[in-house]
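Next comes entry.pdb, a file with PDB, C-alpha atoms.
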ATOM      1  CA  MET A   9      23.038  22.892 -21.004  1.00  0.00           C
ATOM      2  CA  ASP A  10      22.436  22.203 -17.326  1.00  0.00           C
ATOM      3  CA  ILE A  11      18.671  21.527 -17.374  1.00  0.00           C
ATOM      4  CA  LYS A  12      18.549  21.696 -13.560  1.00  0.00           C
ATOM      5  CA  VAL A  13      19.113  25.471 -13.727  1.00  0.00           C
ATOM      6  CA  MET A  14      15.388  25.677 -14.522  1.00  0.00           C
ATOM      7  CA  ASN A  15      14.681  24.495 -10.972  1.00  0.00           C
ATOM      8  CA  ASN A  16      15.930  27.861  -9.720  1.00  0.00           C
ATOM      9  CA  LEU A  17      12.959  29.679 -11.242  1.00  0.00           C
ATOM     10  CA  SER A  18      10.442  30.615  -8.566  1.00  0.00           C
ATOM     11  CA  TYR A  19       7.331  28.429  -8.783  1.00  0.00           C
ATOM     12  CA  GLY A  20       4.224  28.081  -6.683  1.00  0.00           C
ATOM     13  CA  LEU A  21       2.401  24.770  -6.238  1.00  0.00           C
ATOM     14  CA  PHE A  22      -1.300  24.193  -6.810  1.00  0.00           C
ATOM     15  CA  VAL A  23      -4.005  21.564  -6.943  1.00  0.00           C
ATOM     16  CA  LEU A  24      -5.712  22.216 -10.267  1.00  0.00           C
ATOM     17  CA  THR A  25      -9.296  20.908 -10.274  1.00  0.00           C
ATOM     18  CA  ALA A  26     -11.949  20.582 -12.966  1.00  0.00           C
ATOM     19  CA  LYS A  27     -15.226  18.770 -13.565  1.00  0.00           C
ATOM     20  CA  GLY A  28     -16.791  16.651 -16.299  1.00  0.00           C
ATOM     21  CA  GLU A  29     -17.777  13.017 -16.320  1.00  0.00           C
ATOM     22  CA  LYS A  30     -16.298  13.052 -12.819  1.00  0.00           C
ATOM     23  CA  ASP A  31     -14.417  15.457 -10.578  1.00  0.00           C
ATOM     24  CA  ASN A  32     -10.648  15.417 -10.926  1.00  0.00           C
ATOM     25  CA  GLY A  33      -7.509  17.266  -9.958  1.00  0.00           C
ATOM     26  CA  CYS A  34      -3.763  17.278 -10.519  1.00  0.00           C
ATOM     27  CA  ILE A  35      -0.677  18.978  -9.130  1.00  0.00           C
ATOM     28  CA  THR A  36       0.727  21.844 -11.179  1.00  0.00           C
ATOM     29  CA  ASN A  37       3.402  24.489 -10.733  1.00  0.00           C
ATOM     30  CA  THR A  38       2.685  26.487 -13.879  1.00  0.00           C
ATOM     31  CA  ALA A  39       0.172  29.171 -12.945  1.00  0.00           C
ATOM     32  CA  MET A  40       0.580  32.926 -12.738  1.00  0.00           C
ATOM     33  CA  GLN A  41      -1.327  36.200 -12.879  1.00  0.00           C
ATOM     34  CA  VAL A  42      -0.759  38.069 -16.138  1.00  0.00           C
ATOM     35  CA  THR A  43      -3.053  41.135 -15.800  1.00  0.00           C
ATOM     36  CA  THR A  44      -4.907  42.829 -12.953  1.00  0.00           C
ATOM     37  CA  SER A  45      -7.500  44.664 -15.042  1.00  0.00           C
ATOM     38  CA  PRO A  46      -9.069  42.458 -16.177  1.00  0.00           C
ATOM     39  CA  ASN A  47      -7.900  40.031 -13.504  1.00  0.00           C
ATOM     40  CA  ARG A  48      -6.494  37.159 -15.564  1.00  0.00           C
ATOM     41  CA  ILE A  49      -4.244  34.173 -15.000  1.00  0.00           C
ATOM     42  CA  VAL A  50      -2.588  31.573 -17.206  1.00  0.00           C
ATOM     43  CA  ILE A  51      -1.975  27.889 -16.565  1.00  0.00           C
ATOM     44  CA  ALA A  52      -0.029  25.402 -18.694  1.00  0.00           C
ATOM     45  CA  VAL A  53      -1.349  21.834 -18.515  1.00  0.00           C
ATOM     46  CA  ASN A  54       0.140  18.669 -19.978  1.00  0.00           C
ATOM     47  CA  LYS A  55      -2.177  17.182 -22.598  1.00  0.00           C
ATOM     48  CA  GLN A  56      -1.689  13.719 -21.061  1.00  0.00           C
ATOM     49  CA  ASN A  57      -3.456  14.857 -17.892  1.00  0.00           C
ATOM     50  CA  TYR A  58      -7.134  13.970 -17.560  1.00  0.00           C
ATOM     51  CA  THR A  59      -7.676  17.371 -15.936  1.00  0.00           C
ATOM     52  CA  HIS A  60      -6.524  18.966 -19.200  1.00  0.00           C
ATOM     53  CA  ASP A  61      -9.372  17.320 -21.112  1.00  0.00           C
ATOM     54  CA  LEU A  62     -11.938  18.370 -18.504  1.00  0.00           C
ATOM     55  CA  ILE A  63     -10.847  22.007 -18.730  1.00  0.00           C
ATOM     56  CA  VAL A  64     -11.025  21.922 -22.541  1.00  0.00           C
ATOM     57  CA  LYS A  65     -14.616  20.634 -22.381  1.00  0.00           C
ATOM     58  CA  SER A  66     -15.957  22.658 -19.435  1.00  0.00           C
ATOM     59  CA  GLY A  67     -13.961  25.878 -19.711  1.00  0.00           C
ATOM     60  CA  VAL A  68     -13.763  26.318 -15.924  1.00  0.00           C
ATOM     61  CA  PHE A  69     -11.284  25.312 -13.234  1.00  0.00           C
ATOM     62  CA  ASN A  70     -10.117  26.063  -9.707  1.00  0.00           C
ATOM     63  CA  LEU A  71      -6.636  26.516  -8.302  1.00  0.00           C
ATOM     64  CA  SER A  72      -6.109  25.554  -4.658  1.00  0.00           C
ATOM     65  CA  ILE A  73      -2.866  27.260  -3.623  1.00  0.00           C
ATOM     66  CA  ILE A  74      -0.744  24.818  -1.623  1.00  0.00           C
ATOM     67  CA  ASP A  75       0.778  26.218   1.569  1.00  0.00           C
ATOM     68  CA  GLU A  76       3.732  25.226   3.743  1.00  0.00           C
ATOM     69  CA  SER A  77       1.567  23.084   6.045  1.00  0.00           C
ATOM     70  CA  ALA A  78       0.837  20.617   3.214  1.00  0.00           C
ATOM     71  CA  LYS A  79       1.810  16.990   3.697  1.00  0.00           C
ATOM     72  CA  PHE A  80       3.347  14.727   1.073  1.00  0.00           C
ATOM     73  CA  ASP A  81       0.093  12.749   1.012  1.00  0.00           C
ATOM     74  CA  LEU A  82      -1.555  15.656  -0.801  1.00  0.00           C
ATOM     75  CA  PHE A  83       0.981  15.352  -3.610  1.00  0.00           C
ATOM     76  CA  LYS A  84       0.560  11.587  -3.756  1.00  0.00           C
ATOM     77  CA  GLN A  85      -3.214  11.976  -3.887  1.00  0.00           C
ATOM     78  CA  PHE A  86      -3.275  14.331  -6.863  1.00  0.00           C
ATOM     79  CA  GLY A  87       0.111  13.845  -8.514  1.00  0.00           C
ATOM     80  CA  PHE A  88       0.994  10.155  -8.519  1.00  0.00           C
ATOM     81  CA  SER A  89      -1.879   8.683 -10.533  1.00  0.00           C
ATOM     82  CA  SER A  90      -4.024   9.531 -13.536  1.00  0.00           C
ATOM     83  CA  GLY A  91      -7.653  10.537 -13.231  1.00  0.00           C
ATOM     84  CA  ARG A  92      -8.325   8.444 -16.314  1.00  0.00           C
ATOM     85  CA  ASP A  93      -7.827   5.335 -14.172  1.00  0.00           C
ATOM     86  CA  THR A  94      -8.556   6.600 -10.651  1.00  0.00           C
ATOM     87  CA  ASP A  95     -11.290   8.526  -8.871  1.00  0.00           C
ATOM     88  CA  LYS A  96      -9.011  10.850  -6.914  1.00  0.00           C
ATOM     89  CA  PHE A  97     -11.811  12.184  -4.712  1.00  0.00           C
ATOM     90  CA  LYS A  98     -13.261   8.774  -3.791  1.00  0.00           C
ATOM     91  CA  SER A  99     -11.049   8.325  -0.712  1.00  0.00           C
ATOM     92  CA  PHE A 100     -10.340  12.033  -0.172  1.00  0.00           C
ATOM     93  CA  THR A 101     -12.624  14.080   2.061  1.00  0.00           C
ATOM     94  CA  ALA A 102     -10.895  17.462   2.486  1.00  0.00           C
ATOM     95  CA  TYR A 103     -12.743  19.337  -0.226  1.00  0.00           C
ATOM     96  CA  LYS A 104     -15.751  21.540  -0.955  1.00  0.00           C
ATOM     97  CA  ARG A 105     -17.573  22.604  -4.097  1.00  0.00           C
ATOM     98  CA  ALA A 106     -17.290  26.235  -5.172  1.00  0.00           C
ATOM     99  CA  ASP A 107     -20.079  28.302  -6.723  1.00  0.00           C
ATOM    100  CA  ASN A 108     -18.749  27.467 -10.204  1.00  0.00           C
ATOM    101  CA  GLY A 109     -19.489  23.784  -9.532  1.00  0.00           C
ATOM    102  CA  VAL A 110     -15.838  22.748  -9.341  1.00  0.00           C
ATOM    103  CA  LEU A 111     -14.322  21.150  -6.237  1.00  0.00           C
ATOM    104  CA  TYR A 112     -11.455  22.729  -4.326  1.00  0.00           C
ATOM    105  CA  VAL A 113      -9.128  21.375  -1.659  1.00  0.00           C
ATOM    106  CA  THR A 114      -9.475  22.572   1.954  1.00  0.00           C
ATOM    107  CA  THR A 115      -6.387  21.087   3.645  1.00  0.00           C
ATOM    108  CA  GLY A 116      -2.775  22.104   3.039  1.00  0.00           C
ATOM    109  CA  VAL A 117      -3.880  25.115   0.993  1.00  0.00           C
ATOM    110  CA  ASN A 118      -4.205  28.775   1.956  1.00  0.00           C
ATOM    111  CA  SER A 119      -6.569  30.089  -0.712  1.00  0.00           C
ATOM    112  CA  VAL A 120      -8.557  29.276  -3.817  1.00  0.00           C
ATOM    113  CA  ILE A 121      -8.857  30.922  -7.221  1.00  0.00           C
ATOM    114  CA  CYS A 122     -11.817  30.153  -9.492  1.00  0.00           C
ATOM    115  CA  ALA A 123     -11.422  30.857 -13.193  1.00  0.00           C
ATOM    116  CA  LYS A 124     -13.131  30.700 -16.591  1.00  0.00           C
ATOM    117  CA  VAL A 125     -11.137  30.064 -19.756  1.00  0.00           C
ATOM    118  CA  VAL A 126     -10.893  32.959 -22.226  1.00  0.00           C
ATOM    119  CA  SER A 127      -8.567  31.442 -24.820  1.00  0.00           C
ATOM    120  CA  THR A 128      -6.154  28.571 -25.391  1.00  0.00           C
ATOM    121  CA  THR A 129      -2.739  28.307 -27.030  1.00  0.00           C
ATOM    122  CA  ASP A 130      -1.293  25.025 -28.270  1.00  0.00           C
ATOM    123  CA  LEU A 131       2.232  24.535 -26.885  1.00  0.00           C
ATOM    124  CA  GLY A 132       2.801  21.083 -28.325  1.00  0.00           C
ATOM    125  CA  THR A 133       2.921  18.839 -25.262  1.00  0.00           C
ATOM    126  CA  HIS A 134       0.886  21.351 -23.220  1.00  0.00           C
ATOM    127  CA  THR A 135      -2.013  23.755 -23.617  1.00  0.00           C
ATOM    128  CA  LEU A 136      -1.779  27.281 -22.258  1.00  0.00           C
ATOM    129  CA  PHE A 137      -5.121  28.430 -20.835  1.00  0.00           C
ATOM    130  CA  LEU A 138      -5.758  32.163 -20.414  1.00  0.00           C
ATOM    131  CA  ALA A 139      -8.596  32.652 -17.933  1.00  0.00           C
ATOM    132  CA  ASP A 140     -10.624  35.317 -16.152  1.00  0.00           C
ATOM    133  CA  VAL A 141     -10.633  35.078 -12.358  1.00  0.00           C
ATOM    134  CA  THR A 142     -14.291  34.748 -11.347  1.00  0.00           C
ATOM    135  CA  ASP A 143     -13.861  34.289  -7.602  1.00  0.00           C
ATOM    136  CA  GLY A 144     -11.206  33.953  -4.921  1.00  0.00           C
ATOM    137  CA  PHE A 145     -11.097  33.421  -1.179  1.00  0.00           C
ATOM    138  CA  LYS A 146      -8.668  32.667   1.636  1.00  0.00           C
ATOM    139  CA  ILE A 147      -8.682  29.553   3.793  1.00  0.00           C
ATOM    140  CA  ASN A 148      -5.842  30.484   6.167  1.00  0.00           C
ATOM    141  CA  GLU A 149      -2.858  32.809   6.501  1.00  0.00           C
ATOM    142  CA  ASN A 150      -0.111  30.216   5.959  1.00  0.00           C
ATOM    143  CA  ALA A 151       2.721  31.062   3.565  1.00  0.00           C
ATOM    144  CA  SER A 152       2.423  29.591   0.083  1.00  0.00           C
ATOM    145  CA  ALA A 153       4.705  26.639  -0.627  1.00  0.00           C
ATOM    146  CA  THR A 154       7.228  27.161  -3.392  1.00  0.00           C
ATOM    147  CA  TYR A 155       8.692  24.478  -5.605  1.00  0.00           C
ATOM    148  CA  SER A 156      11.966  24.844  -3.687  1.00  0.00           C
ATOM    149  CA  PHE A 157      10.212  24.524  -0.307  1.00  0.00           C
ATOM    150  CA  TYR A 158       8.538  21.329  -1.496  1.00  0.00           C
ATOM    151  CA  HIS A 159      11.872  19.721  -2.347  1.00  0.00           C
ATOM    152  CA  LYS A 160      13.535  20.820   0.895  1.00  0.00           C
ATOM    153  CA  ASN A 161      10.731  20.294   3.409  1.00  0.00           C
ATOM    154  CA  ILE A 162       7.797  18.239   2.060  1.00  0.00           C
ATOM    155  CA  LYS A 163       9.176  15.665  -0.355  1.00  0.00           C
ATOM    156  CA  PRO A 164      10.677  12.678   1.535  1.00  0.00           C
ATOM    157  CA  LYS A 165      14.431  12.300   1.222  1.00  0.00           C
ATOM    158  CA  PRO A 166      15.320   9.414  -1.101  1.00  0.00           C
ATOM    159  CA  GLU A 167      16.909   6.418   0.557  1.00  0.00           C
ATOM    160  CA  GLU A 168      20.658   6.106   0.266  1.00  0.00           C
ATOM    161  CA  VAL A 169      21.528   3.878  -2.640  1.00  0.00           C
ATOM    162  CA  LYS A 170      24.019   1.265  -1.542  1.00  0.00           C
ATOM    163  CA  PRO A 171      26.951   0.765  -3.918  1.00  0.00           C
ATOM    164  CA  ALA A 172      26.904  -2.510  -5.775  1.00  0.00           C
ATOM    165  CA  SER A 173      29.306  -5.144  -4.527  1.00  0.00           C
ATOM    166  CA  ALA A 174      32.322  -5.998  -6.636  1.00  0.00           C
ATOM    167  CA  GLU A 175      30.743  -9.324  -7.565  1.00  0.00           C
ATOM    168  CA  SER A 176      27.497  -7.771  -8.809  1.00  0.00           C
ATOM    169  CA  LYS A 177      28.753  -4.641 -10.572  1.00  0.00           C
ATOM    170  CA  THR A 178      29.157  -6.332 -13.930  1.00  0.00           C
ATOM    171  CA  GLU A 179      25.733  -7.950 -13.734  1.00  0.00           C
ATOM    172  CA  LYS A 180      23.893  -4.807 -12.634  1.00  0.00           C
ATOM    173  CA  SER A 181      25.612  -2.497 -15.096  1.00  0.00           C
ATOM    174  CA  ALA A 182      23.533  -4.112 -17.831  1.00  0.00           C
ATOM    175  CA  GLU A 183      20.348  -2.636 -16.326  1.00  0.00           C
ATOM    176  CA  PRO A 184      20.599   1.038 -15.335  1.00  0.00           C
ATOM    177  CA  VAL A 185      18.292   2.395 -12.658  1.00  0.00           C
ATOM    178  CA  TYR A 186      16.902   5.938 -12.731  1.00  0.00           C
ATOM    179  CA  ARG A 187      15.063   7.977 -10.090  1.00  0.00           C
ATOM    180  CA  CYS A 188      12.642  10.829 -10.788  1.00  0.00           C
ATOM    181  CA  THR A 189      13.991  13.915  -9.040  1.00  0.00           C
ATOM    182  CA  ILE A 190      10.451  15.280  -8.761  1.00  0.00           C
ATOM    183  CA  CYS A 191       8.526  12.459  -7.053  1.00  0.00           C
ATOM    184  CA  GLY A 192      11.066   9.695  -6.400  1.00  0.00           C
ATOM    185  CA  TYR A 193       9.685   7.097  -8.839  1.00  0.00           C
ATOM    186  CA  ILE A 194      12.254   4.391  -9.662  1.00  0.00           C
ATOM    187  CA  HIS A 195      12.616   3.181 -13.256  1.00  0.00           C
ATOM    188  CA  LYS A 196      14.746   0.193 -14.229  1.00  0.00           C
ATOM    189  CA  GLY A 197      16.233  -0.044 -17.706  1.00  0.00           C
ATOM    190  CA  GLU A 198      16.882   2.473 -20.441  1.00  0.00           C
ATOM    191  CA  MET A 199      14.283   5.169 -21.116  1.00  0.00           C
ATOM    192  CA  PRO A 200      13.080   6.198 -24.584  1.00  0.00           C
ATOM    193  CA  ASP A 201      13.333   9.891 -25.470  1.00  0.00           C
ATOM    194  CA  ASP A 202       9.586  10.416 -25.025  1.00  0.00           C
ATOM    195  CA  PHE A 203       9.479   8.700 -21.606  1.00  0.00           C
ATOM    196  CA  THR A 204       7.369  10.399 -18.919  1.00  0.00           C
ATOM    197  CA  CYS A 205       7.159   9.517 -15.250  1.00  0.00           C
ATOM    198  CA  PRO A 206       4.018   7.410 -14.610  1.00  0.00           C
ATOM    199  CA  TRP A 207       3.558   9.127 -11.239  1.00  0.00           C
ATOM    200  CA  CYS A 208       4.134  12.840 -11.829  1.00  0.00           C
ATOM    201  CA  ARG A 209       4.267  12.967 -15.652  1.00  0.00           C
ATOM    202  CA  HIS A 210       7.633  14.733 -15.755  1.00  0.00           C
ATOM    203  CA  PRO A 211       9.920  13.977 -18.723  1.00  0.00           C
ATOM    204  CA  LYS A 212      13.083  11.925 -18.995  1.00  0.00           C
ATOM    205  CA  GLU A 213      15.200  15.020 -18.292  1.00  0.00           C
ATOM    206  CA  ASP A 214      13.986  15.057 -14.685  1.00  0.00           C
ATOM    207  CA  PHE A 215      15.449  11.614 -13.943  1.00  0.00           C
ATOM    208  CA  GLU A 216      18.865  10.941 -12.437  1.00  0.00           C
ATOM    209  CA  ARG A 217      20.807   7.718 -12.836  1.00  0.00           C
ATOM    210  CA  ILE A 218      21.397   6.064  -9.466  1.00  0.00           C
ATOM    211  CA  GLN A 219      22.854   2.761 -10.626  1.00  0.00           C
TER     212      GLN A 219
END

Have the structure of the file written as structure tokens, please.
Amino acid sequence: MDIKVMNNLSYGLFVLTAKGEKDNGCITNTAMQVTTSPNRIVIAVNKQNYTHDLIVKSGVFNLSIIDESAKFDLFKQFGFSSGRDTDKFKSFTAYKRADNGVLYVTTGVNSVICAKVVSTTDLGTHTLFLADVTDGFKINENASATYSFYHKNIKPKPEEVKPASAESKTEKSAEPVYRCTICGYIHKGEMPDDFTCPWCRHPKEDFERIQ
């Protein structure tokens, strides 16, 4: 199976925020409306994410819908580190607090959806949260950024990998090098089957061998 065919599904991009011991947020592309009456959405969140635990405990979250004006810094801010180790809002100022008490992002996003969890479904590595939309408002009229737009226009192009010289090919072949196709993280050496990217938390399948 060509796993990259999944990249052709149409995805939006969001900053998913929640509150608890501290405010936190992460990048997600798995959110969609499932019913209009009642107005409900679902999100799937990796259990390794700190934001996941905050949503389980608080039952509320916000989705800031990323638009095409977003810079790569926004993705680095909320997607390349874990809230378990980092206060993601400490050095970030482009946010406000919604009426539900949860922060939302105000730059590089066109609107915000506030939601309250109705039920959860265990998906193994992820939890699927079904939630009622409790509020929503626009920030600007920019077009929403899709997953495809992010890869073509926001994510920096990876540097060209220079071919190994004839003298070093034998030496370097002992240590393969892989690059995450999502965020660009470089990993040296073989990866175990349960490996996840330390930056964006994507699995081994989203890495390509570059050396």

Can you tell me which residues surround Ala106 of chain A at a distance of at most 9 Å, considering all atoms listed in the file, apart from same-chain residues fewer than 5 positions away, and format the answer as an MDAnalysis selection string? chainID A and resid 70 111:112 122

Sort by chain and increasing residue number a table of all residues of segment 98-168 of chain A within 9 Å of segment 18-41 of chain A, each with its closest pair of atoms and their distance in Å to one decimal, counting all atoms listed in the file, and write it as CSV.
residue,atom,partner,partner_atom,distance
A:Gly109,CA,A:Lys27,CA,7.7
A:Val110,CA,A:Ala26,CA,5.7
A:Leu111,CA,A:Thr25,CA,6.5
A:Tyr112,CA,A:Thr25,CA,6.6
A:Val113,CA,A:Val23,CA,7.4
A:Val117,CA,A:Phe22,CA,8.3
A:Ser152,CA,A:Gly20,CA,7.2
A:Ala153,CA,A:Gly20,CA,6.2
A:Thr154,CA,A:Gly20,CA,4.5
A:Tyr155,CA,A:Tyr19,CA,5.2
A:Ser156,CA,A:Ser18,CA,7.7
A:Tyr158,CA,A:Leu21,CA,8.5

Could you write those residues out with C-alpha atoms, as an mmCIF file, in the coordinates of the input?
data_model
loop_
_atom_site.group_PDB
_atom_site.id
_atom_site.type_symbol
_atom_site.label_atom_id
_atom_site.label_comp_id
_atom_site.auth_asym_id
_atom_site.auth_seq_id
_atom_site.Cartn_x
_atom_site.Cartn_y
_atom_site.Cartn_z
ATOM 1 C CA GLY A 109 -19.489 23.784 -9.532
ATOM 2 C CA VAL A 110 -15.838 22.748 -9.341
ATOM 3 C CA LEU A 111 -14.322 21.150 -6.237
ATOM 4 C CA TYR A 112 -11.455 22.729 -4.326
ATOM 5 C CA VAL A 113 -9.128 21.375 -1.659
ATOM 6 C CA VAL A 117 -3.880 25.115 0.993
ATOM 7 C CA SER A 152 2.423 29.591 0.083
ATOM 8 C CA ALA A 153 4.705 26.639 -0.627
ATOM 9 C CA THR A 154 7.228 27.161 -3.392
ATOM 10 C CA TYR A 155 8.692 24.478 -5.605
ATOM 11 C CA SER A 156 11.966 24.844 -3.687
ATOM 12 C CA TYR A 158 8.538 21.329 -1.496
#

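Atom CA of His159 of chain A is found 21.8 Å from atom CA of Gln219 of chain A.
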
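Of the residues under consideration (A:Arg187, A:Asp93, A:Lys212, A:Gln56), A:Lys212 shows the shortest atom-to-atom contact distance to Met199 of chain A when counting all atoms listed in the file.
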
Nearest to Asp214 of chain A by atom-to-atom distance, counting only C-alpha atoms, from A:Cys188, A:Leu138, A:Asp81, A:His195: A:Cys188

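Nearest to Asn148 of chain A of all the residues A:Ser119, A:Pro206, A:Val50, A:Phe80 is A:Ser119, based on all atoms listed in the file.
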
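Each of A:Gly67, A:Pro200, A:Gly116, A:Gly132 was compared to Ala151 of chain A using only C-alpha atoms, and A:Gly116 turns out to be the nearest.
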
For segment 69-88 of chain A, where the input has fewer atoms than it should, I would like N, CA and C atoms rebuilt and written as a CSV table (one decimal), keeping the file's coordinate frame.
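Ended up saving to rebuild-v4.csv:
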chain,number,residue,atom,x,y,z
A,69,PHE,N,-12.2,26.1,-14.1
A,69,PHE,CA,-11.3,25.3,-13.2
A,69,PHE,C,-11.0,26.1,-12.0
A,70,ASN,N,-10.5,25.4,-11.0
A,70,ASN,CA,-10.1,26.1,-9.7
A,70,ASN,C,-8.7,25.8,-9.4
A,71,LEU,N,-8.0,26.7,-8.8
A,71,LEU,CA,-6.6,26.5,-8.3
A,71,LEU,C,-6.6,26.6,-6.8
A,72,SER,N,-6.3,25.5,-6.1
A,72,SER,CA,-6.1,25.6,-4.7
A,72,SER,C,-4.6,25.8,-4.4
A,73,ILE,N,-4.3,26.9,-3.8
A,73,ILE,CA,-2.9,27.3,-3.6
A,73,ILE,C,-2.3,26.5,-2.4
A,74,ILE,N,-1.3,25.6,-2.7
A,74,ILE,CA,-0.7,24.8,-1.6
A,74,ILE,C,0.1,25.7,-0.7
A,75,ASP,N,0.0,25.5,0.6
A,75,ASP,CA,0.8,26.2,1.6
A,75,ASP,C,1.8,25.3,2.3
A,76,GLU,N,2.6,25.9,3.1
A,76,GLU,CA,3.7,25.2,3.7
A,76,GLU,C,3.3,24.2,4.8
A,77,SER,N,2.0,24.1,5.1
A,77,SER,CA,1.6,23.1,6.0
A,77,SER,C,1.2,21.8,5.3
A,78,ALA,N,1.3,21.8,4.0
A,78,ALA,CA,0.8,20.6,3.2
A,78,ALA,C,1.7,19.4,3.5
A,79,LYS,N,1.1,18.2,3.5
A,79,LYS,CA,1.8,17.0,3.7
A,79,LYS,C,2.0,16.3,2.3
A,80,PHE,N,3.0,15.4,2.3
A,80,PHE,CA,3.3,14.7,1.1
A,80,PHE,C,2.2,13.9,0.5
A,81,ASP,N,1.3,13.5,1.4
A,81,ASP,CA,0.1,12.7,1.0
A,81,ASP,C,-0.8,13.5,0.0
A,82,LEU,N,-0.8,14.8,0.1
A,82,LEU,CA,-1.6,15.7,-0.8
A,82,LEU,C,-1.0,15.5,-2.2
A,83,PHE,N,0.3,15.5,-2.3
A,83,PHE,CA,1.0,15.4,-3.6
A,83,PHE,C,0.8,13.9,-4.2
A,84,LYS,N,0.8,13.0,-3.3
A,84,LYS,CA,0.6,11.6,-3.8
A,84,LYS,C,-0.9,11.4,-4.3
A,85,GLN,N,-1.8,12.1,-3.5
A,85,GLN,CA,-3.2,12.0,-3.9
A,85,GLN,C,-3.5,12.5,-5.3
A,86,PHE,N,-2.9,13.7,-5.6
A,86,PHE,CA,-3.3,14.3,-6.9
A,86,PHE,C,-2.2,14.3,-7.9
A,87,GLY,N,-1.0,13.8,-7.6
A,87,GLY,CA,0.1,13.8,-8.5
A,87,GLY,C,0.7,12.5,-8.9
A,88,PHE,N,0.3,11.4,-8.2
A,88,PHE,CA,1.0,10.2,-8.5
A,88,PHE,C,0.1,9.2,-9.3
